[in-house]
Protein chains: 2
Amino acid sequence: MFEAANVIQKVSREDFDRVAGPLRMDLLRLQDQIKSEDFAVVIVMAGAATAGKAEALDLLNEWMDPRWIVTRAYGPPSDEERERPAYWRYWRDLPPRGRIGLFAGSWYHAPVQDYAYGRTSKAEFLAALEKIAAFERALADSGTLILKFWMHLDAAHQKKRMKAMEKDKHESWRIGKQDWEHFKHNAAFEKANQTAIQKTDSEKARWVVINGADRRFRSLAILTTLRDTIAEHLQARREYREVAAEVRERLARQRAAELSKIAASAAELEKESRTAARKPGRGKRAAAAKVTRKGALQPLTVLDRLDLGATLDDAAYVEALKESRAALGELCRDLHFRGKSAVLVFEGPDAAGKGGAIRRLTSAMDARDYRVIPVAKPTEEEAAQHYLWRFWRHIPRAGRIAIFDRSWYGRVLVERVEGFAQLEEWRRGYAEINDFEEQMTASGIVLVKFWVHISKEEQYRRFKEREANSYKAWKLTAEDWRNRAKWNDYALAVNEMVERTSTRVAPWTLVEGNDKRFARVKVMSTVCDALSKALKPAKKAKA
Amino acid sequence: MFEAANVIQKVSREDFDRVAGPLRMDLLRLQDQIKSEDFAVVIVMAGAATAGKAEALDLLNEWMDPRWIVTRAYGPPSDEERERPAYWRYWRDLPPRGRIGLFAGSWYHAPVQDYAYGRTSKAEFLAALEKIAAFERALADSGTLILKFWMHLDAAHQKKRMKAMEKDKHESWRIGKQDWEHFKHNAAFEKANQTAIQKTDSEKARWVVINGADRRFRSLAILTTLRDTIAEHLQARREYREVAAEVRERLARQRAAELSKIAASAAELEKESRTAARKPGRGKRAAAAKVTRKGALQPLTVLDRLDLGATLDDAAYVEALKESRAALGELCRDLHFRGKSAVLVFEGPDAAGKGGAIRRLTSAMDARDYRVIPVAKPTEEEAAQHYLWRFWRHIPRAGRIAIFDRSWYGRVLVERVEGFAQLEEWRRGYAEINDFEEQMTASGIVLVKFWVHISKEEQYRRFKEREANSYKAWKLTAEDWRNRAKWNDYALAVNEMVERTSTRVAPWTLVEGNDKRFARVKVMSTVCDALSKALKPAKKAKA
């Protein structure tokens with residue numbers, strides 16, 4: 001694969017000086033355009049030792065406006081980082097839109113090292129590369145321009161350079177024991193690098209392999225590639241927006257005409273009696289799905305199966321709460337000392353009692369151990385990033401608990417129903433969310449997800465109560481009433497959410513919320529079960 | 001994950017009858033629209049035993065126009081199929097554009113079975129699912145609408161049904177020993193199915209999970225989903241074409257203006273002297289890359305490094321050819337008896353001598369063992385498929401050799417340079433090709449790829465010779481002269497091709513072709529080496 005990159009080539013000083021000026025102007029002009037664009041640029045700089053990575057980073061910072069560039073290099077993870085999923089630090093460091101992020105080292109470093117030194121198997125290496133591809137795909141799908149440079153140098157030239165640098169008193173500090181150690185494994189590294197490049201080279205996240213022997217050549221190669229790729233991406237994003245603005249509008253009209261035709265063919269039937277009243281199913285009993293007059297099928301959802309009549313009387317409630325609070329307190333202390341962390345997610349319709357349930361949980365916890373993260377509109381800083389970014393940043397460190405009052409599921413709930421996200425965006429969301437949660441659970445985080453549900457009638461009762469009750473009135477907004485109007489759309493969205501994101505590692509718990517006491521106790525005991533299962537794997541295996 | 005699908009629901013006969021008529025009309029109308037569209041529809045029908053898969057297939061064939069539907073079901077592979085990569089039969093059976101392909105069993109069957117019965121590890125299972133995802137992604141990227149139905153039934157209902165069917169004298173034949181054997185492993189199957197569905201559920205290849213308990217419900221669910229999804233896809237493809245036709249045109253003008261601005265900034269420098277004459281590099285010696293006046297960098301390519309002066313005198317040629325012919329004959333017989341197959345690929349500029357090299361090869365082979373596949377324009381049948389389809393169909397069975405005179409690399413060579421393929425299409429091509437070749441080599445096929453190269457001057461000499469030589473004149477067309485004009489573009493395309501597709505399992509061999517004798521002998525001996533390496537792995541390991 002490195003046949004092409006092995007071709008050593010030079011650029012004369014004369015040539016370089018001739019094009020340097022205009023090229024620099026082009027880059028500055030393009031960078032200026034990016035600033036007001038809706039995408040970020042991620043540049044990965046990787047390569048062989050002494051092939052000119054560090055210099056290339058300096059060059060980019062020198063040639064472009066450094067105020068809009070963030071350069072990131074990674075050493076061994078800090079304790080803050082080690083206590084979270086491996087990608088946490090990369091997510092944290094992603095550039096917001098309009099900016100350029102330069103990554104040295106990056107997410108490729110550890111997988112390649114581990115494989116080259118024989119610490120991981122081929123299958124593990126391929127799985128790690130697949131994880132990288134998924135990460136880059138998610139960024140690219142959200143519009144990020146990803147460009148990856150591989151600075152290449154064949155073994156003979158590497159060796160020559162390292163020796164030369166060792167002799168140079170100004171450069172010798174650059175060459176350490178580790179470099180020679182690496183060099184001994186050069187063949188293994190070349191094999192690993194080749195596999196990494198080819199398995200993660202895709203149309204949306206391309207690798208550009210550059211021979212690093214000549215400084216002027218590699219500089220021009222990097223800078224012209226960057227210029228042409230940014231120009232191309234600006235063009236593509238403009239096209240994309242043009243489509244969004246113009247063509248979609250016109251085709252929406254066409255589609256409306258289409259649909260009305262479909263509706264018309266069903267119109268004759270409209271006089272016929274409506275479908276028999278739809279009975280909410282309970283337990284496993286079959287119930288009737290609704291078929292609208294226009295021939296749309298509205299199936300029952302997981303929510304229809306909930307027994308919202310479940311209650312708990314006062315005495316039982318007080319007793320159960322007392323018990324589970326004691327158990328939870330114990331478990332959280334244990335969690336803290338064992339350095340495990342947990343993420344609890346609460347979703348549900350307005351006034352379902354999420355807040356109350358959360359307060360019962362936290363009353364059993366040490367305030368230093370947990371954090372409640374109420375999720376509302378993203379801040380400006382958050383809105384300039386991939387939608388998962390603002391959740392990645394809140395992943396708790398070892399021994400801590402993060403409680404999300406609403407969460408990343410907004411993507412497939414409110415953003416879907418209200419049309420804030422495009423169809424392809426929220427559809428893509430399920431896989432992205434599963435991937436995100438898999439990374440959390442794989443790193444040892446206990447993840448518990450609750451959908452606290454109430455009936456439409458119960459919600460109405462609670463809304464009215466809030467209106468009447470001055471100290472609860474602030475809780476009720478016009479938006480709550482608007483959301484309510486889309487009850488059925490939400491039910492379908494919840495159903496699909498459960499279908500696609502209730503995984504083996506992160507299942508949903510549906511909570512019958514009409515009776516607050518019942519709901520709170522169910523939440524408490526579910527969390528207790530999850531924590532004790534995670535903390536006592538040995539016991540569990542015996543059972 | 002099956003929480004949602006476990007919700008059993010019914011549709012009343014009255015409801016069903018009311019919407020059936022218009023729904024059927026909608027489907028027929030949509031199918032009629034698809035016929036003239038530029039995409040195919042792939043429907044995968046999978047699910048639990050007795051959940052209604054077979055019935056659903058019947059229903060679709062009954063409700064839609066069966067002339068435009070191909071239904072495919074798969075048993076254990078035939079010997080024809082077993083002798084080729086596993087996906088060979090699925091590629092072969094893909095519907096052409098305008099048609100609907102219904103797949104029962106499909107590419108999911110073997111991976112899920114193998115994992116559920118413990119024949120494969122979790123890592124192998126995940127790798128198989130990743131292969132499925134890549135396959136479906138390639139189809140979706142080329143415009144194919146992929147929709148996957150999972151007919152679900154919980155264990156209790158499955159058992160009840162199977163018992164009921166056994167008692168029914170008309171149905172009992174449907175339930176065999178194997179079904180009960182499967183059922184015993186129901187938990188393992190459910191786990192495997194769940195993983196398969198979630199790992200391969202993507203925006204472009206969605207799974208729709210349907211409860212199969214009620215015949216009318218599942219029929220309506222399938223048919224309305226199909227209707228809505230087709231309507232949505234038609235819309236998306238129209239948008240895509242609108243963009244291609246309208247917006248791109250306008251933005252191309254914008255871009256031209258952009259580029260001329262870039263050019264203008266370099267214009268002042270145009271008076272300066274041109275870059276020093278570019279010296280073709282030989283061996284590993286560094287040579288100068290070309291920098292155009294407008295600041296574009298034209299690097300040297302792998303082709304510049306070829307020593308086109310390599311020759312062989314007559315005596316050496318005759319001797320070497322005789323020897324390698326004997327060796328090759330022996331190896332091909334061995335290949336035949338050992339049931340291994342080989343694929344030889346020839347690419348190179350016009351008049352490079354590909355045909356001559358191929359004839360020297362085949363002269364040593366048994367005519368029943370090899371097939372030369374000259375690749376020109378795709379036939380109408382081929383043009384209606386994914387671009388790789390016409391190469392998949394020619395993969396040889398065990399013991400046979402397929403020789404491609406030009407190949408799937410047309411995608412990243414002629415189609416790229418001539419603009420027949422869109423930028424994103426040929427860029428995607430590299431990964432698709434690597435995947436294709438990996439499947440070949442993984443199934444044991446010996447793959448050898450040649451780029452036979454000549455200098456521009458030598459090509460001119462040969463063209464002139466062909467013009468003068470009446471019995472070779474037919475070989476030379478106006479197109480050959482046109483291609484020649486794009487020599488530099490082709491060189492860059494070849495360079496990138498080698499860079500991205502010369503993999504460890506399928507490396508490129510660059511052949512110095514100015515001297516035909518040298519080229520032919522190099523081709524012969526390279527093929528001999530590859531075959532003997534593949535046939536004598538034990539010996540090789542010892543060495």
# chains A, B, ... in the order shown; residues from 1 in each chain; ligands from 1
call {"tool": "interface_residues", "arguments": {"of": "chain A", "to": "chain B", "cutoff": "6 Å", "atoms": "only C-alpha atoms", "output": "list in words"}}
result
Met1, Ala4, Ile8, Gln9, Lys10, Val11, Val19, Pro22, Glu203, Ser265, Ala266, Ala286, Ala287, Ala288, Ala289, Gly295, Val302, Arg427, Arg428, Glu499, Ser502 and Thr503 of chain A
call {"tool": "select_by_dssp", "arguments": {"residues": "stretch 292-327 of chain A", "states": "helix (DSSP H, G or I)", "output": "ChimeraX atom specification"}}
result
/A:302-305,314-327
call {"tool": "write_last_selection", "arguments": {"atoms": "all heavy atoms", "output": "compact mmCIF listing (two decimals), in the first residue's frame"}}
result
# COMPACT_ATOMS: atom_id res chain seq x y z
N VAL A 302 -45.93 0.08 23.20
CA VAL A 302 -45.56 -0.50 24.49
C VAL A 302 -46.28 0.20 25.62
O VAL A 302 -46.52 -0.38 26.68
CB VAL A 302 -44.04 -0.38 24.76
CG1 VAL A 302 -43.29 -1.48 24.05
CG2 VAL A 302 -43.51 0.98 24.38
N LEU A 303 -46.63 1.47 25.39
CA LEU A 303 -47.28 2.24 26.45
C LEU A 303 -48.70 1.74 26.70
O LEU A 303 -49.18 1.79 27.82
CB LEU A 303 -47.28 3.72 26.09
CG LEU A 303 -45.88 4.30 25.86
CD1 LEU A 303 -45.96 5.75 25.43
CD2 LEU A 303 -45.02 4.16 27.12
N ASP A 304 -49.33 1.26 25.62
CA ASP A 304 -50.69 0.75 25.78
C ASP A 304 -50.72 -0.47 26.69
O ASP A 304 -51.76 -0.83 27.22
CB ASP A 304 -51.29 0.38 24.42
CG ASP A 304 -51.52 1.62 23.56
OD1 ASP A 304 -52.09 2.58 24.09
OD2 ASP A 304 -51.12 1.61 22.39
N ARG A 305 -49.60 -1.11 26.80
CA ARG A 305 -49.56 -2.34 27.59
C ARG A 305 -49.32 -2.10 29.07
O ARG A 305 -49.41 -3.00 29.88
CB ARG A 305 -48.45 -3.24 27.06
CG ARG A 305 -48.99 -4.53 26.52
CD ARG A 305 -47.89 -5.36 25.99
NE ARG A 305 -47.17 -6.08 27.01
CZ ARG A 305 -46.27 -7.02 26.73
NH1 ARG A 305 -46.00 -7.30 25.48
NH2 ARG A 305 -45.64 -7.64 27.68
N ASP A 314 -50.46 4.19 51.19
CA ASP A 314 -49.54 5.02 51.94
C ASP A 314 -48.58 4.23 52.81
O ASP A 314 -47.36 4.46 52.78
CB ASP A 314 -50.33 5.98 52.86
CG ASP A 314 -50.37 7.37 52.24
OD1 ASP A 314 -49.55 7.61 51.32
OD2 ASP A 314 -51.20 8.19 52.66
N ALA A 315 -49.12 3.29 53.55
CA ALA A 315 -48.29 2.53 54.49
C ALA A 315 -47.22 1.75 53.75
O ALA A 315 -46.03 1.79 54.09
CB ALA A 315 -49.16 1.57 55.30
N ALA A 316 -47.64 1.08 52.68
CA ALA A 316 -46.69 0.28 51.90
C ALA A 316 -45.63 1.19 51.29
O ALA A 316 -44.44 0.85 51.22
CB ALA A 316 -47.43 -0.48 50.80
N TYR A 317 -46.07 2.36 50.82
CA TYR A 317 -45.16 3.32 50.21
C TYR A 317 -44.08 3.75 51.18
O TYR A 317 -42.88 3.68 50.90
CB TYR A 317 -45.96 4.52 49.71
CG TYR A 317 -45.13 5.67 49.21
CD1 TYR A 317 -44.27 5.52 48.12
CD2 TYR A 317 -45.21 6.93 49.82
CE1 TYR A 317 -43.51 6.58 47.65
CE2 TYR A 317 -44.45 8.00 49.35
CZ TYR A 317 -43.60 7.81 48.27
OH TYR A 317 -42.86 8.87 47.82
N VAL A 318 -44.52 4.18 52.35
CA VAL A 318 -43.57 4.68 53.35
C VAL A 318 -42.55 3.59 53.71
O VAL A 318 -41.35 3.83 53.77
CB VAL A 318 -44.32 5.16 54.61
CG1 VAL A 318 -43.34 5.46 55.74
CG2 VAL A 318 -45.16 6.40 54.27
N GLU A 319 -43.09 2.40 53.89
CA GLU A 319 -42.22 1.28 54.25
C GLU A 319 -41.21 0.98 53.14
O GLU A 319 -40.00 0.88 53.38
CB GLU A 319 -43.10 0.05 54.53
CG GLU A 319 -42.33 -1.19 54.98
CD GLU A 319 -41.57 -0.94 56.29
OE1 GLU A 319 -42.00 -0.04 57.07
OE2 GLU A 319 -40.57 -1.63 56.50
N ALA A 320 -41.72 0.87 51.91
CA ALA A 320 -40.85 0.51 50.78
C ALA A 320 -39.80 1.58 50.53
O ALA A 320 -38.64 1.29 50.24
CB ALA A 320 -41.69 0.30 49.51
N LEU A 321 -40.23 2.83 50.66
CA LEU A 321 -39.30 3.93 50.41
C LEU A 321 -38.18 3.91 51.44
O LEU A 321 -37.01 4.10 51.10
CB LEU A 321 -40.08 5.25 50.48
CG LEU A 321 -39.45 6.42 49.73
CD1 LEU A 321 -39.36 6.10 48.24
CD2 LEU A 321 -40.28 7.68 49.93
N LYS A 322 -38.57 3.68 52.68
CA LYS A 322 -37.57 3.67 53.75
C LYS A 322 -36.53 2.59 53.49
O LYS A 322 -35.32 2.83 53.55
CB LYS A 322 -38.26 3.40 55.10
CG LYS A 322 -37.62 4.16 56.25
CD LYS A 322 -38.44 4.02 57.52
CE LYS A 322 -38.12 2.75 58.28
NZ LYS A 322 -38.96 2.58 59.49
N GLU A 323 -37.04 1.43 53.16
CA GLU A 323 -36.14 0.30 52.91
C GLU A 323 -35.21 0.56 51.74
O GLU A 323 -34.00 0.39 51.84
CB GLU A 323 -36.96 -0.96 52.60
CG GLU A 323 -37.09 -1.88 53.78
CD GLU A 323 -37.92 -3.09 53.41
OE1 GLU A 323 -37.75 -3.63 52.29
OE2 GLU A 323 -38.79 -3.46 54.23
N SER A 324 -35.79 0.99 50.61
CA SER A 324 -34.95 1.13 49.42
C SER A 324 -34.01 2.32 49.56
O SER A 324 -32.92 2.32 49.00
CB SER A 324 -35.80 1.24 48.15
OG SER A 324 -36.69 2.32 48.25
N ARG A 325 -34.40 3.32 50.34
CA ARG A 325 -33.50 4.44 50.55
C ARG A 325 -32.25 3.99 51.32
O ARG A 325 -31.12 4.34 50.97
CB ARG A 325 -34.20 5.56 51.31
CG ARG A 325 -33.34 6.82 51.36
CD ARG A 325 -34.03 7.92 52.11
NE ARG A 325 -35.14 8.48 51.37
CZ ARG A 325 -36.21 9.04 51.93
NH1 ARG A 325 -36.32 9.05 53.25
NH2 ARG A 325 -37.15 9.55 51.19
N ALA A 326 -32.49 3.16 52.32
CA ALA A 326 -31.35 2.63 53.08
C ALA A 326 -30.45 1.80 52.18
O ALA A 326 -29.22 1.95 52.17
CB ALA A 326 -31.86 1.79 54.24
N ALA A 327 -31.09 0.95 51.37
CA ALA A 327 -30.30 0.08 50.48
C ALA A 327 -29.52 0.92 49.47
O ALA A 327 -28.34 0.68 49.21
CB ALA A 327 -31.23 -0.89 49.75
call {"tool": "atom_distance", "arguments": {"atom1": "atom CA of A:His185", "atom2": "atom CA of A:Arg119"}}
result
13.1 Å
call {"tool": "residues_around", "arguments": {"residues": "A:Ala357", "least_positions_apart": "6", "cutoff": "9 Å", "atoms": "only C-alpha atoms", "output": "PyMOL selection string"}}
result
chain A and resi 516-517+519-521+523-524
call {"tool": "write_last_selection", "arguments": {"atoms": "all heavy atoms", "output": "JSON list (two decimals), in the first residue's frame"}}
result
[["chain", "number", "residue", "atom", "x", "y", "z"],
["A", 516, "LYS", "N", -48.01, 8.17, 41.85],
["A", 516, "LYS", "CA", -46.64, 8.62, 42.06],
["A", 516, "LYS", "C", -45.88, 7.73, 43.02],
["A", 516, "LYS", "O", -44.68, 7.52, 42.87],
["A", 516, "LYS", "CB", -46.63, 10.06, 42.60],
["A", 516, "LYS", "CG", -46.98, 11.08, 41.54],
["A", 516, "LYS", "CD", -46.90, 12.48, 42.10],
["A", 516, "LYS", "CE", -47.25, 13.49, 41.00],
["A", 516, "LYS", "NZ", -47.19, 14.88, 41.48],
["A", 517, "ARG", "N", -46.60, 7.23, 44.01],
["A", 517, "ARG", "CA", -45.92, 6.41, 45.00],
["A", 517, "ARG", "C", -45.41, 5.13, 44.37],
["A", 517, "ARG", "O", -44.27, 4.71, 44.56],
["A", 517, "ARG", "CB", -46.86, 6.09, 46.16],
["A", 517, "ARG", "CG", -47.18, 7.32, 47.01],
["A", 517, "ARG", "CD", -48.36, 7.08, 47.89],
["A", 517, "ARG", "NE", -49.54, 6.68, 47.09],
["A", 517, "ARG", "CZ", -50.77, 6.69, 47.50],
["A", 517, "ARG", "NH1", -51.05, 7.07, 48.74],
["A", 517, "ARG", "NH2", -51.76, 6.31, 46.71],
["A", 519, "ALA", "N", -44.69, 4.65, 41.26],
["A", 519, "ALA", "CA", -43.60, 4.98, 40.34],
["A", 519, "ALA", "C", -42.29, 5.17, 41.08],
["A", 519, "ALA", "O", -41.24, 4.64, 40.69],
["A", 519, "ALA", "CB", -43.96, 6.23, 39.54],
["A", 520, "ARG", "N", -42.36, 5.94, 42.16],
["A", 520, "ARG", "CA", -41.12, 6.23, 42.89],
["A", 520, "ARG", "C", -40.48, 4.97, 43.45],
["A", 520, "ARG", "O", -39.26, 4.81, 43.39],
["A", 520, "ARG", "CB", -41.41, 7.22, 44.03],
["A", 520, "ARG", "CG", -41.70, 8.60, 43.50],
["A", 520, "ARG", "CD", -42.30, 9.49, 44.56],
["A", 520, "ARG", "NE", -42.70, 10.76, 43.96],
["A", 520, "ARG", "CZ", -43.38, 11.69, 44.62],
["A", 520, "ARG", "NH1", -43.74, 11.49, 45.89],
["A", 520, "ARG", "NH2", -43.71, 12.81, 44.02],
["A", 521, "VAL", "N", -41.31, 4.11, 43.98],
["A", 521, "VAL", "CA", -40.76, 2.88, 44.55],
["A", 521, "VAL", "C", -40.18, 2.00, 43.45],
["A", 521, "VAL", "O", -39.11, 1.40, 43.60],
["A", 521, "VAL", "CB", -41.84, 2.13, 45.37],
["A", 521, "VAL", "CG1", -41.38, 0.72, 45.72],
["A", 521, "VAL", "CG2", -42.16, 2.92, 46.64],
["A", 523, "VAL", "N", -38.88, 2.99, 40.64],
["A", 523, "VAL", "CA", -37.62, 3.60, 40.22],
["A", 523, "VAL", "C", -36.51, 3.25, 41.22],
["A", 523, "VAL", "O", -35.42, 2.80, 40.85],
["A", 523, "VAL", "CB", -37.77, 5.12, 40.07],
["A", 523, "VAL", "CG1", -36.41, 5.80, 40.00],
["A", 523, "VAL", "CG2", -38.60, 5.45, 38.84],
["A", 524, "MET", "N", -36.82, 3.48, 42.51],
["A", 524, "MET", "CA", -35.83, 3.21, 43.55],
["A", 524, "MET", "C", -35.35, 1.76, 43.47],
["A", 524, "MET", "O", -34.15, 1.48, 43.50],
["A", 524, "MET", "CB", -36.43, 3.45, 44.94],
["A", 524, "MET", "CG", -36.73, 4.88, 45.28],
["A", 524, "MET", "SD", -35.24, 5.85, 45.63],
["A", 524, "MET", "CE", -35.06, 5.55, 47.38]]
call {"tool": "select_by_dssp", "arguments": {"residues": "stretch 16-74 of chain A", "states": "strand (DSSP E or B)", "output": "ChimeraX atom specification"}}
result
/A:41-47,69-73
call {"tool": "write_last_selection", "arguments": {"atoms": "all heavy atoms", "output": "tab-separated table (two decimals), in the first residue's frame"}}
result
chain	number	residue	atom	x	y	z
A	41	VAL	N	-14.06	21.56	11.09
A	41	VAL	CA	-13.05	20.83	10.33
A	41	VAL	C	-12.18	20.05	11.32
A	41	VAL	O	-11.67	20.63	12.28
A	41	VAL	CB	-12.16	21.79	9.50
A	41	VAL	CG1	-11.09	21.00	8.74
A	41	VAL	CG2	-13.01	22.61	8.55
A	42	VAL	N	-12.04	18.76	11.08
A	42	VAL	CA	-11.18	17.93	11.92
A	42	VAL	C	-10.03	17.42	11.06
A	42	VAL	O	-10.26	16.76	10.04
A	42	VAL	CB	-11.97	16.74	12.51
A	42	VAL	CG1	-11.02	15.70	13.09
A	42	VAL	CG2	-12.93	17.22	13.58
A	43	ILE	N	-8.82	17.77	11.42
A	43	ILE	CA	-7.65	17.31	10.69
A	43	ILE	C	-6.83	16.40	11.60
A	43	ILE	O	-6.45	16.79	12.70
A	43	ILE	CB	-6.78	18.49	10.23
A	43	ILE	CG1	-7.61	19.40	9.31
A	43	ILE	CG2	-5.53	18.00	9.52
A	43	ILE	CD1	-6.90	20.68	8.93
A	44	VAL	N	-6.62	15.19	11.13
A	44	VAL	CA	-5.80	14.24	11.89
A	44	VAL	C	-4.43	14.20	11.25
A	44	VAL	O	-4.31	14.06	10.04
A	44	VAL	CB	-6.43	12.84	11.89
A	44	VAL	CG1	-5.48	11.82	12.52
A	44	VAL	CG2	-7.76	12.85	12.63
A	45	MET	N	-3.39	14.36	12.07
A	45	MET	CA	-2.03	14.34	11.55
A	45	MET	C	-1.32	13.15	12.18
A	45	MET	O	-1.10	13.12	13.40
A	45	MET	CB	-1.35	15.66	11.94
A	45	MET	CG	-0.05	15.94	11.25
A	45	MET	SD	-0.21	16.17	9.46
A	45	MET	CE	-0.99	17.80	9.38
A	46	ALA	N	-1.03	12.16	11.36
A	46	ALA	CA	-0.38	10.96	11.89
A	46	ALA	C	0.77	10.60	10.98
A	46	ALA	O	0.94	11.17	9.91
A	46	ALA	CB	-1.39	9.81	11.97
A	47	GLY	N	1.57	9.63	11.38
A	47	GLY	CA	2.63	9.20	10.49
A	47	GLY	C	3.82	8.59	11.17
A	47	GLY	O	3.85	8.44	12.40
A	69	ILE	N	-8.07	27.94	15.27
A	69	ILE	CA	-7.55	26.57	15.24
A	69	ILE	C	-7.28	26.11	16.67
A	69	ILE	O	-6.75	26.85	17.47
A	69	ILE	CB	-6.22	26.50	14.46
A	69	ILE	CG1	-6.44	26.90	13.00
A	69	ILE	CG2	-5.61	25.11	14.53
A	69	ILE	CD1	-5.19	26.81	12.15
A	70	VAL	N	-7.70	24.87	16.97
A	70	VAL	CA	-7.32	24.27	18.24
A	70	VAL	C	-6.43	23.08	17.92
A	70	VAL	O	-6.83	22.22	17.14
A	70	VAL	CB	-8.53	23.71	19.02
A	70	VAL	CG1	-8.40	24.03	20.49
A	70	VAL	CG2	-9.84	24.19	18.43
A	71	THR	N	-5.26	23.03	18.50
A	71	THR	CA	-4.37	21.89	18.27
A	71	THR	C	-4.41	21.00	19.50
A	71	THR	O	-4.31	21.47	20.63
A	71	THR	CB	-2.93	22.36	18.02
A	71	THR	OG1	-2.96	23.28	16.93
A	71	THR	CG2	-2.05	21.18	17.64
A	72	ARG	N	-4.59	19.69	19.25
A	72	ARG	CA	-4.69	18.75	20.36
A	72	ARG	C	-3.68	17.65	20.19
A	72	ARG	O	-3.60	17.03	19.12
A	72	ARG	CB	-6.08	18.10	20.38
A	72	ARG	CG	-7.22	19.07	20.41
A	72	ARG	CD	-7.32	19.72	21.76
A	72	ARG	NE	-8.56	20.50	21.85
A	72	ARG	CZ	-8.85	21.26	22.90
A	72	ARG	NH1	-8.01	21.37	23.91
A	72	ARG	NH2	-9.99	21.93	22.93
A	73	ALA	N	-2.92	17.40	21.22
A	73	ALA	CA	-2.02	16.25	21.20
A	73	ALA	C	-2.33	15.44	22.45
A	73	ALA	O	-2.80	15.99	23.44
A	73	ALA	CB	-0.58	16.72	21.20
call {"tool": "residues_around", "arguments": {"residues": "stretch 83-94 of chain B", "least_positions_apart": "5", "cutoff": "10 Å", "atoms": "only C-alpha atoms", "output": "ChimeraX atom specification"}}
result
/B:40-42,70-72,74,77-78,99-103,106-107,110,131-132,135,139,339-341,385-386,388-399,436,438-445
call {"tool": "residues_around", "arguments": {"residues": "A:Glu418", "least_positions_apart": "3", "cutoff": "12 Å", "atoms": "only C-alpha atoms", "output": "ChimeraX atom specification"}}
result
/A:410-415,421-423,426,479,482-487,489-490,493
call {"tool": "closest_residue", "arguments": {"among": "A:Ser36, A:Ser532, A:Ser121, A:Thr144", "to": "A:Arg333", "atoms": "only C-alpha atoms"}}
result
A:Ser532
